[in-house]
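A.B. asks: Have a look at this one.
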Amino acid sequence: MENEKHISSGIDSFLTFLREVEQNHSIFLSVEQDANDETQDILHIIELKEPGFSKTVELYDKLKEVRCKRRKAKDYILQTASIINWIDENKTVIKGLEKLLGEVRKNERYTQNRIFTAKTGIAQEMLDTEKQE
């Protein structure tokens, strides 16, 4: 029973998933904004500085890298938007799940640390008769 998966692990995994999605969504919003700003900076260099051929090639490579980073961020944001909306609409449900997780964990600890306390003398009688045999 030591290696048994706890009942609480499913609830915990779901709550962890929600927290990670929320945190990563926020991070990728920032990454997207940074990539947009970097794109504008590169385009302004091209527009206003008239760089030479070799610098233009460097700017092209950097622009491609920045746009790929932006695409990855936008894809994550799109894929998690429905989850973020659900989280926003279900704050009380999430709080309820957190409370439920605490209660289930408390019950798991109780059952793991359980000790036997005899309520009658029958157990001792049975043990005593076993010794006599």
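Naming works like this for the structure tokens: A, B, ... for the chains as they're shown, residue 1 at the start of each chain, ligands 1 onward in shown order.
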Which polymer residues have any atom within 10 Å of an atom of segment 96-99 of chain A, counting only C-alpha atoms, with same-chain residues fewer than 4 positions away left out, as an MDAnalysis selection string?

C.D. replies: chainID A and resid 11:12 14:15 90:92 103:105

A.B. asks: For segment 51-59 of chain A, please output as a PyMOL selection string all residues within 10 Å (counting only C-alpha atoms; exclusion window: fewer than 6 positions along the same chain).

C.D. replies: chain A and resi 39+42-43+45+65

A.B. asks: Output C-alpha atoms for every residue in that selection, as a compact mmCIF listing (two decimals), in the first residue's frame.

C.D. replies:
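Okay, part_38.txt is ready:
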```
# COMPACT_ATOMS: atom_id res chain seq x y z
CA THR A 39 9.81 43.22 -34.81
CA ILE A 42 14.03 45.67 -36.66
CA LEU A 43 11.63 47.18 -39.17
CA ILE A 45 16.21 49.95 -38.47
CA GLU A 65 13.89 34.19 -35.31
```

A.B. asks: Write out as a list in words the set of residues from segment 89-120 of chain A that DSSP, computed on the backbone, places in helix (DSSP H, G or I).

C.D. replies: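 So the helix (DSSP H, G or I) residues in segment 89-120 of chain A would be Glu89, Lys91, Thr92, Val93, Ile94, Lys95, Gly96, Leu97, Glu98, Lys99, Leu100, Leu101, Gly102, Glu103, Val104, Arg105, Lys106, Asn107, Glu108, Arg109, Tyr110, Thr111 and Gln112 of chain A.
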
A.B. asks: For atom CA of Arg67 of chain A and atom CA of Phe28 of chain A, determine how far apart the two atoms are, in Å to one decimal place.

C.D. replies: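 Computed distance, atom CA of Arg67 of chain A to atom CA of Phe28 of chain A, equals 13.5 Å.
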
A.B. asks: Given the choices A:Gln112, A:Ile84, A:Gly121, A:Lys95, which gets closest to Leu18 of chain A if the distance is worked out from only C-alpha atoms?

C.D. replies: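 Using only C-alpha atoms, the shortest distance to Leu18 of chain A belongs to A:Ile84.
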
A.B. asks: Can you tell me which residues surround Ala35 of chain A at a distance of at most 10 Å, considering only C-alpha atoms, apart from same-chain residues fewer than 3 positions away, and format the answer as number ranges by chain?

C.D. replies: A: 29-32, 38-41, 63, 65-71, 73

A.B. asks: Store the residues of this selection in a file with N, CA and C atoms, as a PDB file, in the first residue's frame.

C.D. replies:
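Dumped to again00.pdb:
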```pdb
ATOM      1  N   LEU A  29       2.025  35.759 -23.117  1.00  0.00           N
ATOM      2  CA  LEU A  29       1.515  37.081 -23.489  1.00  0.00           C
ATOM      3  C   LEU A  29       2.660  38.092 -23.501  1.00  0.00           C
ATOM      4  N   SER A  30       3.519  37.987 -22.507  1.00  0.00           N
ATOM      5  CA  SER A  30       4.678  38.873 -22.422  1.00  0.00           C
ATOM      6  C   SER A  30       5.666  38.588 -23.554  1.00  0.00           C
ATOM      7  N   VAL A  31       5.889  37.313 -23.848  1.00  0.00           N
ATOM      8  CA  VAL A  31       6.797  36.932 -24.941  1.00  0.00           C
ATOM      9  C   VAL A  31       6.271  37.479 -26.271  1.00  0.00           C
ATOM     10  N   GLU A  32       4.968  37.360 -26.487  1.00  0.00           N
ATOM     11  CA  GLU A  32       4.385  37.877 -27.725  1.00  0.00           C
ATOM     12  C   GLU A  32       4.591  39.391 -27.829  1.00  0.00           C
ATOM     13  N   GLU A  38      10.236  43.826 -30.696  1.00  0.00           N
ATOM     14  CA  GLU A  38      11.483  43.542 -31.410  1.00  0.00           C
ATOM     15  C   GLU A  38      11.281  43.631 -32.917  1.00  0.00           C
ATOM     16  N   THR A  39      10.131  43.133 -33.390  1.00  0.00           N
ATOM     17  CA  THR A  39       9.812  43.217 -34.813  1.00  0.00           C
ATOM     18  C   THR A  39       9.790  44.679 -35.267  1.00  0.00           C
ATOM     19  N   GLN A  40       9.120  45.506 -34.487  1.00  0.00           N
ATOM     20  CA  GLN A  40       9.046  46.927 -34.836  1.00  0.00           C
ATOM     21  C   GLN A  40      10.421  47.577 -34.832  1.00  0.00           C
ATOM     22  N   ASP A  41      11.247  47.214 -33.865  1.00  0.00           N
ATOM     23  CA  ASP A  41      12.606  47.766 -33.819  1.00  0.00           C
ATOM     24  C   ASP A  41      13.398  47.390 -35.072  1.00  0.00           C
ATOM     25  N   LEU A  63      14.913  38.804 -37.686  1.00  0.00           N
ATOM     26  CA  LEU A  63      13.468  38.966 -37.832  1.00  0.00           C
ATOM     27  C   LEU A  63      12.766  37.614 -37.919  1.00  0.00           C
ATOM     28  N   GLU A  65      13.817  34.785 -36.654  1.00  0.00           N
ATOM     29  CA  GLU A  65      13.887  34.192 -35.312  1.00  0.00           C
ATOM     30  C   GLU A  65      12.823  34.795 -34.387  1.00  0.00           C
ATOM     31  N   VAL A  66      12.698  36.112 -34.429  1.00  0.00           N
ATOM     32  CA  VAL A  66      11.724  36.811 -33.577  1.00  0.00           C
ATOM     33  C   VAL A  66      10.298  36.415 -33.956  1.00  0.00           C
ATOM     34  N   ARG A  67      10.044  36.328 -35.253  1.00  0.00           N
ATOM     35  CA  ARG A  67       8.691  35.969 -35.697  1.00  0.00           C
ATOM     36  C   ARG A  67       8.336  34.526 -35.336  1.00  0.00           C
ATOM     37  N   CYS A  68       9.313  33.627 -35.344  1.00  0.00           N
ATOM     38  CA  CYS A  68       9.076  32.241 -34.917  1.00  0.00           C
ATOM     39  C   CYS A  68       8.756  32.197 -33.427  1.00  0.00           C
ATOM     40  N   LYS A  69       9.484  32.978 -32.643  1.00  0.00           N
ATOM     41  CA  LYS A  69       9.230  33.057 -31.201  1.00  0.00           C
ATOM     42  C   LYS A  69       7.819  33.600 -30.951  1.00  0.00           C
ATOM     43  N   ARG A  70       7.458  34.620 -31.722  1.00  0.00           N
ATOM     44  CA  ARG A  70       6.115  35.207 -31.601  1.00  0.00           C
ATOM     45  C   ARG A  70       5.044  34.187 -31.962  1.00  0.00           C
ATOM     46  N   ARG A  71       5.256  33.423 -33.025  1.00  0.00           N
ATOM     47  CA  ARG A  71       4.274  32.420 -33.468  1.00  0.00           C
ATOM     48  C   ARG A  71       4.060  31.364 -32.391  1.00  0.00           C
ATOM     49  N   ALA A  73       4.458  31.715 -29.203  1.00  0.00           N
ATOM     50  CA  ALA A  73       3.706  32.345 -28.116  1.00  0.00           C
ATOM     51  C   ALA A  73       2.231  32.478 -28.489  1.00  0.00           C
TER      52      ALA A  73
END
```
